[in-house]
$ cat query_32.cif   # mmCIF, C-alpha atoms
data_structure
loop_
_atom_site.label_atom_id
_atom_site.label_comp_id
_atom_site.auth_asym_id
_atom_site.auth_seq_id
_atom_site.Cartn_x
_atom_site.Cartn_y
_atom_site.Cartn_z
CA MET A 1437 -125.34 -31.29 -94.94
CA ALA A 1438 -122.38 -30.42 -92.74
CA ALA A 1439 -118.98 -30.94 -94.33
CA HIS A 1440 -116.46 -33.07 -92.45
CA ALA A 1441 -113.02 -34.35 -93.22
CA SER A 1442 -112.71 -38.02 -94.12
CA ASN A 1443 -111.75 -40.35 -91.29
CA ASP A 1444 -109.67 -43.39 -92.22
CA ALA A 1445 -110.39 -45.13 -88.93
CA GLY A 1446 -112.72 -48.09 -89.32
CA ARG A 1447 -112.50 -48.31 -93.12
CA SER A 1448 -112.20 -52.05 -92.82
CA ASP A 1449 -115.81 -52.14 -91.64
CA ALA A 1450 -116.87 -50.96 -95.11
CA ALA A 1451 -114.99 -53.75 -96.89
CA GLY A 1452 -116.15 -52.45 -100.27
CA ALA A 1453 -119.81 -52.47 -99.26
CA SER A 1454 -122.19 -51.12 -101.88
CA VAL A 1455 -124.41 -48.20 -100.88
CA LEU A 1456 -127.50 -47.11 -102.78
CA LEU A 1457 -127.94 -43.38 -102.16
CA VAL A 1458 -131.48 -42.31 -103.07
CA GLU A 1459 -131.33 -38.52 -103.21
CA ASP A 1460 -132.56 -36.14 -105.92
CA GLU A 1461 -130.56 -33.10 -104.80
CA SER A 1462 -127.19 -33.31 -106.55
CA SER A 1463 -125.72 -30.75 -104.13
CA ILE A 1464 -126.19 -33.38 -101.41
CA ALA A 1465 -125.81 -36.63 -103.35
CA GLU A 1466 -122.56 -35.98 -105.19
CA PRO A 1467 -120.44 -34.72 -102.26
CA PHE A 1468 -121.80 -37.49 -100.05
CA ALA A 1469 -121.04 -40.12 -102.69
CA ARG A 1470 -117.45 -38.85 -102.82
CA ALA A 1471 -117.20 -39.10 -99.03
CA LEU A 1472 -118.51 -42.66 -99.18
CA ARG A 1473 -115.84 -43.60 -101.74
CA ARG A 1474 -113.11 -42.05 -99.56
CA ASN A 1475 -114.30 -44.26 -96.72
CA GLY A 1476 -114.15 -47.48 -98.71
CA PHE A 1477 -117.77 -47.79 -99.89
CA GLN A 1478 -119.08 -48.22 -103.44
CA PRO A 1479 -121.95 -45.74 -103.87
CA THR A 1480 -124.63 -45.65 -106.53
CA ILE A 1481 -126.86 -42.57 -106.80
CA ALA A 1482 -130.56 -42.84 -107.67
CA GLY A 1483 -132.45 -39.58 -108.10
CA THR A 1484 -135.99 -40.95 -108.41
CA ALA A 1485 -138.18 -43.59 -106.80
CA ALA A 1486 -138.23 -45.59 -110.03
CA ASP A 1487 -134.42 -45.55 -110.28
CA ALA A 1488 -134.15 -46.56 -106.63
CA LEU A 1489 -136.37 -49.61 -107.04
CA ARG A 1490 -134.58 -50.61 -110.23
CA ALA A 1491 -131.16 -50.28 -108.58
CA GLY A 1492 -132.40 -52.19 -105.55
CA ARG A 1493 -133.38 -55.13 -107.75
CA GLU A 1494 -130.40 -55.08 -110.08
CA ARG A 1495 -127.51 -54.07 -107.82
CA MET A 1496 -128.65 -55.64 -104.54
CA PRO A 1497 -126.85 -53.06 -102.36
CA ASP A 1498 -125.52 -53.79 -98.90
CA VAL A 1499 -127.27 -50.71 -97.47
CA VAL A 1500 -129.72 -48.06 -98.72
CA LEU A 1501 -129.71 -44.37 -97.79
CA LEU A 1502 -133.20 -43.21 -98.66
CA ASP A 1503 -134.51 -39.64 -98.94
CA LEU A 1504 -138.26 -39.34 -98.33
CA SER A 1505 -138.95 -36.50 -100.78
CA LEU A 1506 -138.49 -37.72 -104.34
CA PRO A 1507 -139.72 -36.12 -107.59
CA ASP A 1508 -141.78 -39.12 -108.71
CA GLY A 1509 -142.99 -40.60 -105.44
CA ASP A 1510 -142.69 -40.89 -101.70
CA GLY A 1511 -139.69 -42.46 -100.01
CA TRP A 1512 -142.04 -44.35 -97.71
CA ASP A 1513 -143.42 -46.23 -100.73
CA VAL A 1514 -139.88 -47.00 -101.84
CA CYS A 1515 -139.04 -48.28 -98.35
CA ARG A 1516 -142.13 -50.50 -98.32
CA GLU A 1517 -141.27 -52.00 -101.71
CA LEU A 1518 -137.58 -52.49 -100.90
CA ARG A 1519 -138.56 -54.26 -97.71
CA ARG A 1520 -140.81 -56.62 -99.70
CA GLN A 1521 -137.83 -57.50 -101.87
CA SER A 1522 -135.17 -58.01 -99.22
CA ASP A 1523 -133.87 -57.33 -95.72
CA VAL A 1524 -131.34 -54.75 -96.96
CA PRO A 1525 -130.55 -52.23 -94.18
CA ILE A 1526 -132.33 -48.92 -94.84
CA ILE A 1527 -131.40 -45.54 -93.35
CA MET A 1528 -133.89 -42.76 -94.08
CA LEU A 1529 -132.48 -39.30 -94.79
CA THR A 1530 -135.07 -36.56 -94.54
CA ALA A 1531 -135.91 -33.05 -93.45
CA ARG A 1532 -139.07 -34.41 -91.80
CA GLY A 1533 -138.15 -34.67 -88.15
CA THR A 1534 -141.41 -35.24 -86.30
CA VAL A 1535 -141.89 -38.26 -84.06
CA SER A 1536 -144.80 -39.48 -86.19
CA ASP A 1537 -142.60 -39.43 -89.31
CA ARG A 1538 -139.94 -41.48 -87.54
CA VAL A 1539 -142.50 -43.97 -86.29
CA VAL A 1540 -143.99 -44.45 -89.76
CA GLY A 1541 -140.56 -45.03 -91.26
CA LEU A 1542 -139.57 -47.55 -88.62
CA GLU A 1543 -142.86 -49.41 -88.91
CA LEU A 1544 -142.36 -49.69 -92.68
CA GLY A 1545 -139.08 -51.47 -92.03
CA ALA A 1546 -136.41 -48.75 -91.93
CA ASP A 1547 -133.51 -49.48 -89.61
CA ASP A 1548 -132.48 -45.91 -88.84
CA TYR A 1549 -133.65 -42.34 -89.39
CA VAL A 1550 -131.41 -39.30 -89.91
CA VAL A 1551 -132.78 -35.75 -90.02
CA LYS A 1552 -131.24 -33.16 -92.36
CA PRO A 1553 -128.94 -31.35 -92.04
CA PHE A 1554 -126.69 -34.19 -90.94
CA ALA A 1555 -122.97 -34.77 -90.50
CA THR A 1556 -121.38 -37.04 -93.08
CA THR A 1557 -119.21 -38.73 -90.45
CA GLU A 1558 -122.25 -39.54 -88.32
CA VAL A 1559 -124.13 -41.20 -91.19
CA ILE A 1560 -121.04 -43.19 -92.18
CA SER A 1561 -120.71 -44.37 -88.58
CA ARG A 1562 -124.33 -45.49 -88.64
CA ILE A 1563 -123.74 -47.38 -91.90
CA ARG A 1564 -120.80 -49.21 -90.35
CA ALA A 1565 -122.82 -50.03 -87.25
CA LEU A 1566 -125.62 -51.53 -89.37
CA LEU A 1567 -123.19 -53.56 -91.45
CA ARG A 1568 -121.51 -54.94 -88.33
CA ARG A 1569 -124.89 -56.18 -87.12
CA VAL A 1570 -125.85 -57.67 -90.49
CA ARG A 1571 -122.48 -59.33 -91.09
CA SER A 1572 -122.09 -60.79 -87.59
CA THR A 1573 -122.15 -64.60 -87.50
CA PRO A 1574 -123.66 -66.94 -84.91
CA GLY A 1575 -120.17 -68.03 -83.93
CA ASP A 1576 -119.39 -64.47 -82.83
CA SER A 1577 -122.28 -64.21 -80.40
CA ALA A 1578 -124.21 -65.95 -77.65
CA GLU A 1579 -126.30 -67.66 -80.34
CA ALA A 1580 -123.54 -70.23 -80.93
CA HIS A 1581 -124.90 -72.63 -78.31
CA VAL A 1582 -128.61 -71.97 -78.90
CA PRO A 1583 -130.72 -74.58 -80.76
CA GLU A 1584 -131.62 -73.57 -84.31
CA LEU A 1585 -135.31 -74.29 -83.66
CA LEU A 1586 -137.16 -72.79 -80.69
CA VAL A 1587 -140.72 -73.85 -79.86
CA LEU A 1588 -142.34 -71.59 -77.28
CA ASP A 1589 -146.04 -72.19 -76.75
CA ASP A 1590 -147.65 -71.46 -80.14
CA VAL A 1591 -144.60 -69.61 -81.46
CA ARG A 1592 -141.95 -71.47 -83.45
CA LEU A 1593 -138.69 -69.85 -84.54
CA ASP A 1594 -136.19 -71.25 -87.03
CA LEU A 1595 -133.11 -69.18 -86.14
CA ALA A 1596 -131.02 -70.42 -89.06
CA ALA A 1597 -133.68 -69.73 -91.68
CA ARG A 1598 -134.93 -66.60 -89.86
CA ARG A 1599 -138.55 -67.75 -90.05
CA VAL A 1600 -141.34 -67.51 -87.45
CA TRP A 1601 -144.71 -69.24 -87.19
CA LEU A 1602 -147.63 -68.42 -84.89
CA ALA A 1603 -150.07 -71.30 -84.42
CA GLY A 1604 -148.77 -72.82 -87.65
CA GLU A 1605 -149.08 -69.63 -89.72
CA GLU A 1606 -145.86 -68.00 -90.88
CA LEU A 1607 -145.38 -64.37 -89.87
CA ALA A 1608 -143.80 -61.66 -92.02
CA LEU A 1609 -141.36 -59.93 -89.69
CA THR A 1610 -138.87 -57.21 -90.48
CA ARG A 1611 -135.22 -57.98 -89.77
CA LYS A 1612 -135.24 -56.00 -86.53
CA GLU A 1613 -138.53 -57.57 -85.40
CA PHE A 1614 -137.06 -61.03 -85.94
CA ASP A 1615 -133.84 -60.13 -84.11
CA LEU A 1616 -135.82 -58.77 -81.18
CA LEU A 1617 -138.08 -61.80 -80.98
CA ALA A 1618 -135.15 -64.20 -81.26
CA ARG A 1619 -133.26 -62.36 -78.51
CA LEU A 1620 -136.25 -62.43 -76.17
CA ALA A 1621 -137.08 -66.04 -77.03
CA ARG A 1622 -133.56 -67.24 -76.29
CA ASP A 1623 -134.09 -66.06 -72.70
CA ALA A 1624 -137.78 -66.94 -72.47
CA GLY A 1625 -139.11 -66.32 -68.98
CA ARG A 1626 -136.27 -63.94 -68.12
CA VAL A 1627 -136.20 -60.16 -68.31
CA VAL A 1628 -133.98 -58.74 -71.07
CA THR A 1629 -133.10 -55.14 -70.32
CA ARG A 1630 -133.71 -52.28 -72.73
CA GLU A 1631 -129.97 -51.59 -72.73
CA THR A 1632 -129.17 -55.17 -73.72
CA LEU A 1633 -131.72 -55.14 -76.55
CA MET A 1634 -130.43 -51.83 -77.92
CA ALA A 1635 -126.81 -53.00 -77.74
CA GLU A 1636 -127.38 -56.43 -79.28
CA VAL A 1637 -130.18 -55.83 -81.79
CA TRP A 1638 -129.14 -52.36 -82.89
CA ASP A 1639 -125.57 -51.63 -81.84
CA GLU A 1640 -123.69 -50.56 -78.76
CA ASN A 1641 -122.84 -47.38 -80.67
CA TRP A 1642 -126.48 -46.62 -81.61
CA PHE A 1643 -126.97 -42.88 -82.10
CA GLY A 1644 -130.74 -42.66 -82.25
CA SER A 1645 -133.55 -42.54 -79.73
CA THR A 1646 -134.51 -45.69 -77.82
CA LYS A 1647 -138.07 -44.91 -78.96
CA THR A 1648 -137.29 -47.18 -81.91
CA LEU A 1649 -137.25 -50.15 -79.49
CA ASP A 1650 -140.81 -49.41 -78.35
CA VAL A 1651 -141.95 -49.01 -81.96
CA HIS A 1652 -140.55 -52.42 -82.92
CA ILE A 1653 -141.92 -54.09 -79.78
CA GLY A 1654 -145.33 -52.64 -80.69
CA GLY A 1655 -145.04 -54.06 -84.20
CA LEU A 1656 -144.06 -57.47 -82.82
CA ARG A 1657 -147.02 -57.51 -80.45
CA ARG A 1658 -149.45 -56.73 -83.25
CA LYS A 1659 -148.10 -59.55 -85.39
CA LEU A 1660 -148.19 -61.96 -82.45
CA GLY A 1661 -151.78 -60.94 -81.72
CA ASP A 1662 -150.88 -59.52 -78.30
CA ASP A 1663 -153.22 -57.06 -76.61
CA PRO A 1664 -150.90 -54.23 -75.43
CA ALA A 1665 -152.95 -53.91 -72.23
CA ARG A 1666 -152.76 -57.65 -71.48
CA PRO A 1667 -150.03 -59.14 -73.68
CA ARG A 1668 -149.75 -62.90 -73.89
CA HIS A 1669 -146.24 -63.27 -75.27
CA ILE A 1670 -144.18 -60.11 -74.74
CA HIS A 1671 -144.51 -58.55 -71.30
CA THR A 1672 -143.16 -55.17 -70.25
CA VAL A 1673 -141.19 -54.94 -67.04
CA ARG A 1674 -141.59 -51.24 -66.42
CA GLY A 1675 -138.35 -49.32 -66.16
CA VAL A 1676 -136.28 -52.44 -66.91
CA GLY A 1677 -137.06 -54.18 -70.18
CA PHE A 1678 -139.16 -56.98 -71.68
CA ARG A 1679 -139.81 -60.68 -71.08
CA PHE A 1680 -141.08 -63.36 -73.48
CA VAL A 1681 -143.59 -65.57 -71.68
CA ALA A 1682 -144.35 -69.10 -72.89
CA ALA A 1683 -146.54 -71.83 -71.42
CA GLU A 1684 -144.82 -74.10 -68.95
CA GLY A 1685 -143.01 -76.99 -70.54
CA THR A 1686 -142.70 -75.47 -74.01
CA GLN A 1687 -139.20 -74.07 -73.65
CA PRO A 1688 -136.50 -76.07 -75.43
#
$ encode --input "query_32.cif" --output "structure tokens"
Amino acid sequence: MAAHASNDAGRSDAAGASVLLVEDESSIAEPFARALRRNGFQPTIAGTAADALRAGRERMPDVVLLDLSLPDGDGWDVCRELRRQSDVPIIMLTARGTVSDRVVGLELGADDYVVKPFATTEVISRIRALLRRVRSTPGDSAEAHVPELLVLDDVRLDLAARRVWLAGEELALTRKEFDLLARLARDAGRVVTRETLMAEVWDENWFGSTKTLDVHIGGLRRKLGDDPARPRHIHTVRGVGFRFVAAEGTQP
């Protein structure tokens, strides 16, 4: 991991946020934990999958930094279990840098993916970006004037409770999947550009590939029962973005 001097700028974003650092290599975990403390975070180190799951339940961290290679299990299994427990933001830290590895992690519910070796300042910036998204309130965004309940064809969204039903059956969406669907549903019938979705659902300072948007759209389509070749709900406007399509007269 590249060493970088601490940057005081933006410390207020941390606001004492707790970070669960799941990393079995002390040569990485301990210096990084010190850097997190210098930047206003409260880190806890877990060196095994079992410790990570226990800390996730007991400490309820604000964000998780998760290594994939652990001595007693796979980080993907830890991610899957953490996601069952909560919507805590998860950033995967790993030496596995293939596209397929990134896709698997994102589909399991991870919010970001950082390949080793990484710069401490970059990861801390990503943590702050995630926390800004999670801590934003409806009053700070365009959602302030949107009804809490949207009924679009056979899809019903409760924006306040963050719940979605398809034909009366509740869907289990990840946080990002819900945010994407809610953003598209608020402008049902209109095209929402890729740039807008990345800026509003991820962050305007997103560092990663926009491939993550396609991965999450694919996950949403599967859960909505959309055929990618002939989608019913989420349509692709090639080179521009995506549009949520609902039957006439069902928009709020």
$ residues_near_point --input "query_32.cif" --point "(-139.9, -52.6, -67.5)" --cutoff "12 Å" --atoms "all atoms listed in the file" --output "ChimeraX atom specification"
/A:1626-1631,1650,1670-1679
$ resolve_selection --input "query_32.cif" --expression "the PyMOL selection byres ((chain A and resi 1482) around 8)" --output "list in words"
Leu1456, Leu1457, Val1458, Glu1459, Asp1460, Thr1480, Ile1481, Gly1483, Thr1484, Ala1485, Asp1487, Ala1488 and Ala1491 of chain A
$ residues_around --input "query_32.cif" --residues "A:Ala1618" --least-positions-apart "4" --cutoff "10 Å" --atoms "only C-alpha atoms" --output "list in words"
Glu1579, Leu1586, Leu1593, Asp1594, Leu1595, Arg1598, Val1600, Lys1612, Glu1613, Phe1614, Arg1622, Asp1623, Ala1624, Val1637 and Phe1680 of chain A
$ residues_around --input "query_32.cif" --residues "A:Val1524" --least-positions-apart "3" --cutoff "12 Å" --atoms "all atoms listed in the file" --output "ChimeraX atom specification"
/A:1453-1456,1492-1493,1495-1502,1515-1521,1527,1545-1547,1563,1566-1567,1569-1571,1610-1612
$ atom_distance --input "query_32.cif" --atom1 "atom CA of A:Gly1541" --atom2 "atom CA of A:Leu1649"
13.3 Å
